[in-house]
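Taking it in order: structure first as structure tokens, then the write-up.
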2 protein chains.
Amino acid sequence: MSLIPKSHPRAKSLYIRERLVKGFDSGLVAKEGLMAHGRGETFDYLLGEKTSKHAQKAIQAAAFALVNATYPVISVNGNVAALCPREIVKLAKVTGAKIEVNLFYANEKRKKNIVKALRKAGAKEVLEINSKSSRRISGLDSARRVVDKNGIYKADVVVVPLEDGDRTIALKKAGKKIITFDLNPLSRTAKTADITIVDNVVRAINRLILECKSKKIRKTQFNNKKNLAACVLEIKKNLSRRMSHA
Amino acid sequence: MSLIPKSHPRAKSLYIRERLVKGFDSGLVAKEGLMAHGRGETFDYLLGEKTSKHAQKAIQAAAFALVNATYPVISVNGNVAALCPREIVKLAKVTGAKIEVNLFYANEKRKKNIVKALRKAGAKEVLEINSKSSRRISGLDSARRVVDKNGIYKADVVVVPLEDGDRTIALKKAGKKIITFDLNPLSRTAKTADITIVDNVVRAINRLILECKSKKIRKTQFNNKKNLAACVLEIKKNLSRRMSHA
């Protein structure tokens, strides 16, 4: 039972935080993942804790790219597994994407826990990189360049929610089309990806699933750089709104 | 040994994060403290990870208030104990302030660990609230309203680094003059305190110690509301600098 009163002005944000703490307690989330979540919380707070029209535009572009991909793969880390495992499984189902567990802080035990959580959430197949399936991508240090030969290695479109900058750059160099969820519009991941959804993954992924299911899906005009600039402008507006005379 | 390369553009921020992880591993820091640190990291990043002139102004005002206090008290929580225990002890020494361990997520074991860490850092006396010394302040739920009768309860000036909004408001209502370190210029703590130092406590506390030792210390013009607005403006400028066309 949650102790957070429903009336709390930021109750939703606190519920999400609880999921992450639970994920930490059950061995899905790393300590660094807890801090990373905090960094995201601040951006979410500055973005008004809602899906902006810019995020919605990115979601539409992402849906089109995913539905038209030849071999789409969704990369899952501890935070994503703690925050929205069911939604990841749903997104994989509607787009025919593979799910690959790919951690920044490699840890066999944690990887196993994440695979288990995804299976519990309904995943039939979860790629998890073993000695037979591991392949290397260039441009990263040894621990972090390993991907699955039936997953990211083979993918044309990769969804990397909450990803590290170095990794995103390496995947881009490997020729992948990158879709990311990143609340920081200034991050290297946000700037490197082809399509950056500047929104809380917990909110945005449901919208992405809906878009992927929609029959009206079509190619839209989308410029990631301009979209990121619009998100930064949104933050600036929110800052002014919250603090007059600034 | 740290694995962070000195050449990393954000090495200092990563070193600070390491201290917090260490503090977590040694039972000083709560899980929620790790996330709170992440929130602070984003604001620090948006503020350019340096002490602004506005922060320096607040530090000067805080030094004057502390040096002229009748009964100053420094409230220490897990994050503060992990980040700058030696500096807390130094600040207490130069201002004649008491140190009180006062946690948001009350936990006897963690309290004991924090007291030990402060003693190891050179503290002679650490108030830690026991059944004999506990007093209540009004306006807070039961677990969080307890303070030490020889500490915050008796204080005229209280330093609350990284404090919760509800607590700051309750202390203010109890007639205390509040000095805080808070990287979020929009937080309730930042807005409620008399003097808010919008800076990373690790950087700012050393400057505060220097100011308190200075013989040139004097009353300065200081308006907390205006200072906070200036900090928000600083963030907006940094956002524009990092993302042109936004």
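Each chain of the structure tokens is named A, B, ... in the order shown, its residues numbered from 1; ligands are numbered from 1 in display order.
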
task: Extract, using only C-alpha atoms, all DNA, RNA and protein residues at most 10 Å from stretch 164-178 of chain B, discarding same-chain residues fewer than 4 positions from it, and format them as a PyMOL selection string.
output: chain B and resi 62+65-66+69+72+103-104+137-141+144-145+152-160+182+187-196

field: Expected answer as a ChimeraX atom specification: chain A residues within 7 Å of chain B, only C-alpha atoms
entry: /A:34-39,41-42,229-230,232-233,236,239,243,245-246

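Nearest-residue note for A:Asn102: choosing from A:Lys124, A:Glu163, A:Ala82, A:Ala61, the minimum distance belongs to A:Glu163, counting only C-alpha atoms.
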
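Restricting the calculation to only C-alpha atoms, the smallest distance between B:Asn107 and any of B:Ala63, B:Ala30, B:Arg135, B:Asn68 is found for B:Ala30.
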
task: Do a neighbour search on stretch 204-215 of chain B at 10 Å with only C-alpha atoms, toss out local chain neighbours closer than 5 positions, and write the hits as a ChimeraX atom specification.
output: /B:50-52,55-56,58-67,84,87-88,90-95,161,181,197-199

Go ahead and write the residues just picked, N, CA and C atoms, as a PDB file, in the first residue's frame.
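Wrote out08.pdb, looks like this:
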ATOM      1  N   LYS B  50      28.639  25.893 -11.142  1.00  0.00           N
ATOM      2  CA  LYS B  50      29.571  26.829 -10.495  1.00  0.00           C
ATOM      3  C   LYS B  50      28.781  27.753  -9.565  1.00  0.00           C
ATOM      4  N   THR B  51      29.507  28.390  -8.644  1.00  0.00           N
ATOM      5  CA  THR B  51      28.868  29.315  -7.707  1.00  0.00           C
ATOM      6  C   THR B  51      28.614  30.643  -8.417  1.00  0.00           C
ATOM      7  N   SER B  52      27.349  30.990  -8.542  1.00  0.00           N
ATOM      8  CA  SER B  52      27.011  32.245  -9.225  1.00  0.00           C
ATOM      9  C   SER B  52      27.235  33.420  -8.287  1.00  0.00           C
ATOM     10  N   ALA B  55      24.568  33.354  -5.672  1.00  0.00           N
ATOM     11  CA  ALA B  55      24.849  32.432  -4.571  1.00  0.00           C
ATOM     12  C   ALA B  55      25.856  33.087  -3.620  1.00  0.00           C
ATOM     13  N   GLN B  56      26.853  33.733  -4.176  1.00  0.00           N
ATOM     14  CA  GLN B  56      27.875  34.381  -3.347  1.00  0.00           C
ATOM     15  C   GLN B  56      27.237  35.452  -2.453  1.00  0.00           C
ATOM     16  N   ALA B  58      24.163  35.440  -1.347  1.00  0.00           N
ATOM     17  CA  ALA B  58      23.428  34.723  -0.301  1.00  0.00           C
ATOM     18  C   ALA B  58      24.391  34.196   0.762  1.00  0.00           C
ATOM     19  N   ILE B  59      25.552  33.745   0.331  1.00  0.00           N
ATOM     20  CA  ILE B  59      26.557  33.233   1.268  1.00  0.00           C
ATOM     21  C   ILE B  59      27.005  34.348   2.219  1.00  0.00           C
ATOM     22  N   GLN B  60      27.210  35.537   1.683  1.00  0.00           N
ATOM     23  CA  GLN B  60      27.611  36.667   2.535  1.00  0.00           C
ATOM     24  C   GLN B  60      26.517  36.994   3.563  1.00  0.00           C
ATOM     25  N   ALA B  61      25.279  37.010   3.109  1.00  0.00           N
ATOM     26  CA  ALA B  61      24.168  37.295   4.030  1.00  0.00           C
ATOM     27  C   ALA B  61      24.073  36.192   5.091  1.00  0.00           C
ATOM     28  N   ALA B  62      24.286  34.946   4.669  1.00  0.00           N
ATOM     29  CA  ALA B  62      24.202  33.816   5.605  1.00  0.00           C
ATOM     30  C   ALA B  62      25.314  33.906   6.648  1.00  0.00           C
ATOM     31  N   ALA B  63      26.511  34.272   6.214  1.00  0.00           N
ATOM     32  CA  ALA B  63      27.637  34.394   7.142  1.00  0.00           C
ATOM     33  C   ALA B  63      27.337  35.442   8.202  1.00  0.00           C
ATOM     34  N   PHE B  64      26.799  36.578   7.785  1.00  0.00           N
ATOM     35  CA  PHE B  64      26.473  37.637   8.744  1.00  0.00           C
ATOM     36  C   PHE B  64      25.426  37.148   9.754  1.00  0.00           C
ATOM     37  N   ALA B  65      24.393  36.487   9.245  1.00  0.00           N
ATOM     38  CA  ALA B  65      23.327  35.985  10.125  1.00  0.00           C
ATOM     39  C   ALA B  65      23.870  34.943  11.107  1.00  0.00           C
ATOM     40  N   LEU B  66      24.729  34.086  10.645  1.00  0.00           N
ATOM     41  CA  LEU B  66      25.268  33.013  11.492  1.00  0.00           C
ATOM     42  C   LEU B  66      26.185  33.552  12.579  1.00  0.00           C
ATOM     43  N   VAL B  67      27.069  34.447  12.167  1.00  0.00           N
ATOM     44  CA  VAL B  67      28.046  34.981  13.110  1.00  0.00           C
ATOM     45  C   VAL B  67      27.352  35.827  14.185  1.00  0.00           C
ATOM     46  N   CYS B  84      29.621  16.251   2.903  1.00  0.00           N
ATOM     47  CA  CYS B  84      30.581  17.221   3.455  1.00  0.00           C
ATOM     48  C   CYS B  84      30.627  17.211   4.986  1.00  0.00           C
ATOM     49  N   GLU B  87      33.293  19.645   6.539  1.00  0.00           N
ATOM     50  CA  GLU B  87      32.915  21.040   6.367  1.00  0.00           C
ATOM     51  C   GLU B  87      31.831  21.439   7.362  1.00  0.00           C
ATOM     52  N   ILE B  88      30.914  20.530   7.649  1.00  0.00           N
ATOM     53  CA  ILE B  88      29.862  20.802   8.634  1.00  0.00           C
ATOM     54  C   ILE B  88      30.513  21.061   9.993  1.00  0.00           C
ATOM     55  N   LYS B  90      33.573  22.046  10.589  1.00  0.00           N
ATOM     56  CA  LYS B  90      34.300  23.332  10.515  1.00  0.00           C
ATOM     57  C   LYS B  90      33.347  24.512  10.662  1.00  0.00           C
ATOM     58  N   LEU B  91      32.231  24.436   9.945  1.00  0.00           N
ATOM     59  CA  LEU B  91      31.263  25.536  10.002  1.00  0.00           C
ATOM     60  C   LEU B  91      30.734  25.705  11.423  1.00  0.00           C
ATOM     61  N   ALA B  92      30.476  24.588  12.074  1.00  0.00           N
ATOM     62  CA  ALA B  92      29.992  24.639  13.454  1.00  0.00           C
ATOM     63  C   ALA B  92      31.058  25.290  14.356  1.00  0.00           C
ATOM     64  N   LYS B  93      32.303  24.944  14.108  1.00  0.00           N
ATOM     65  CA  LYS B  93      33.399  25.464  14.928  1.00  0.00           C
ATOM     66  C   LYS B  93      33.521  26.988  14.766  1.00  0.00           C
ATOM     67  N   VAL B  94      33.564  27.461  13.543  1.00  0.00           N
ATOM     68  CA  VAL B  94      33.794  28.903  13.336  1.00  0.00           C
ATOM     69  C   VAL B  94      32.595  29.753  13.726  1.00  0.00           C
ATOM     70  N   THR B  95      31.405  29.159  13.819  1.00  0.00           N
ATOM     71  CA  THR B  95      30.226  29.963  14.161  1.00  0.00           C
ATOM     72  C   THR B  95      29.703  29.645  15.557  1.00  0.00           C
ATOM     73  N   PRO B 161      20.526  22.448   5.288  1.00  0.00           N
ATOM     74  CA  PRO B 161      20.921  22.172   3.900  1.00  0.00           C
ATOM     75  C   PRO B 161      20.053  21.053   3.338  1.00  0.00           C
ATOM     76  N   PHE B 181      20.671  25.583   1.832  1.00  0.00           N
ATOM     77  CA  PHE B 181      21.346  25.345   0.549  1.00  0.00           C
ATOM     78  C   PHE B 181      20.340  24.567  -0.275  1.00  0.00           C
ATOM     79  N   ILE B 197      20.810  29.713  -0.364  1.00  0.00           N
ATOM     80  CA  ILE B 197      22.038  29.649  -1.170  1.00  0.00           C
ATOM     81  C   ILE B 197      21.783  28.656  -2.293  1.00  0.00           C
ATOM     82  N   VAL B 198      21.529  29.172  -3.500  1.00  0.00           N
ATOM     83  CA  VAL B 198      21.222  28.303  -4.636  1.00  0.00           C
ATOM     84  C   VAL B 198      22.554  27.844  -5.238  1.00  0.00           C
ATOM     85  N   ASP B 199      23.081  26.799  -4.650  1.00  0.00           N
ATOM     86  CA  ASP B 199      24.383  26.285  -5.073  1.00  0.00           C
ATOM     87  C   ASP B 199      24.539  24.876  -4.520  1.00  0.00           C
TER      88      ASP B 199
END

task: With a distance cut-off of 12 Å and only C-alpha atoms, select the neighbouring residues of B:Lys132, excluding the residue or stretch itself and same-chain residues fewer than 4 positions from it, and output the selection as a VMD selection string.
output: chain B and resid 127 to 128 146 to 150

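Backbone DSSP of stretch 4-241 of chain A yields strand (DSSP E or B) at A:Pro72, A:Val73, A:Ile74, A:Ser75, A:Val76, A:Lys98, A:Ile99, A:Glu100, A:Val101, A:Leu127, A:Ser134, A:Arg135, A:Arg136, A:Val146, A:Val147, A:Asp148, A:Val157, A:Val158, A:Val159, A:Val160, A:Pro161, A:Lys177, A:Ile178, A:Ile179, A:Thr180, A:Phe181, A:Ile195, A:Thr196, A:Ile197.
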
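The list of residues with at least one atom within 7 Å of stretch 108-122 of chain B, based on only C-alpha atoms and without residues fewer than 3 positions apart in the same chain, reads Gly27, Leu28, Gly78, Ala81, Pro85, Arg86, Val89, Val101 and Val126 of chain B.
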
message: Please identify the helix (DSSP H, G or I) residues within stretch 22-209 of chain A (assignment by DSSP from backbone atoms) and present them as a count of residues only.
response: 94

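Between atom CA of A:Lys53 and atom CA of A:Thr220 there is a distance of 13.8 Å.
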
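Atom pair atom CA of B:Ala11 / atom CA of A:Val76 has a distance of 26.8 Å (rounded to one decimal).
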
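When only C-alpha atoms are used to compute distances to B:Leu183, the closest of the residues B:Phe222, B:Asn130, B:Asp44, B:His54 turns out to be B:Asp44.
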
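We find atom CA of A:Tyr105 and atom CA of A:Leu14 to be spaced 25.2 Å apart.
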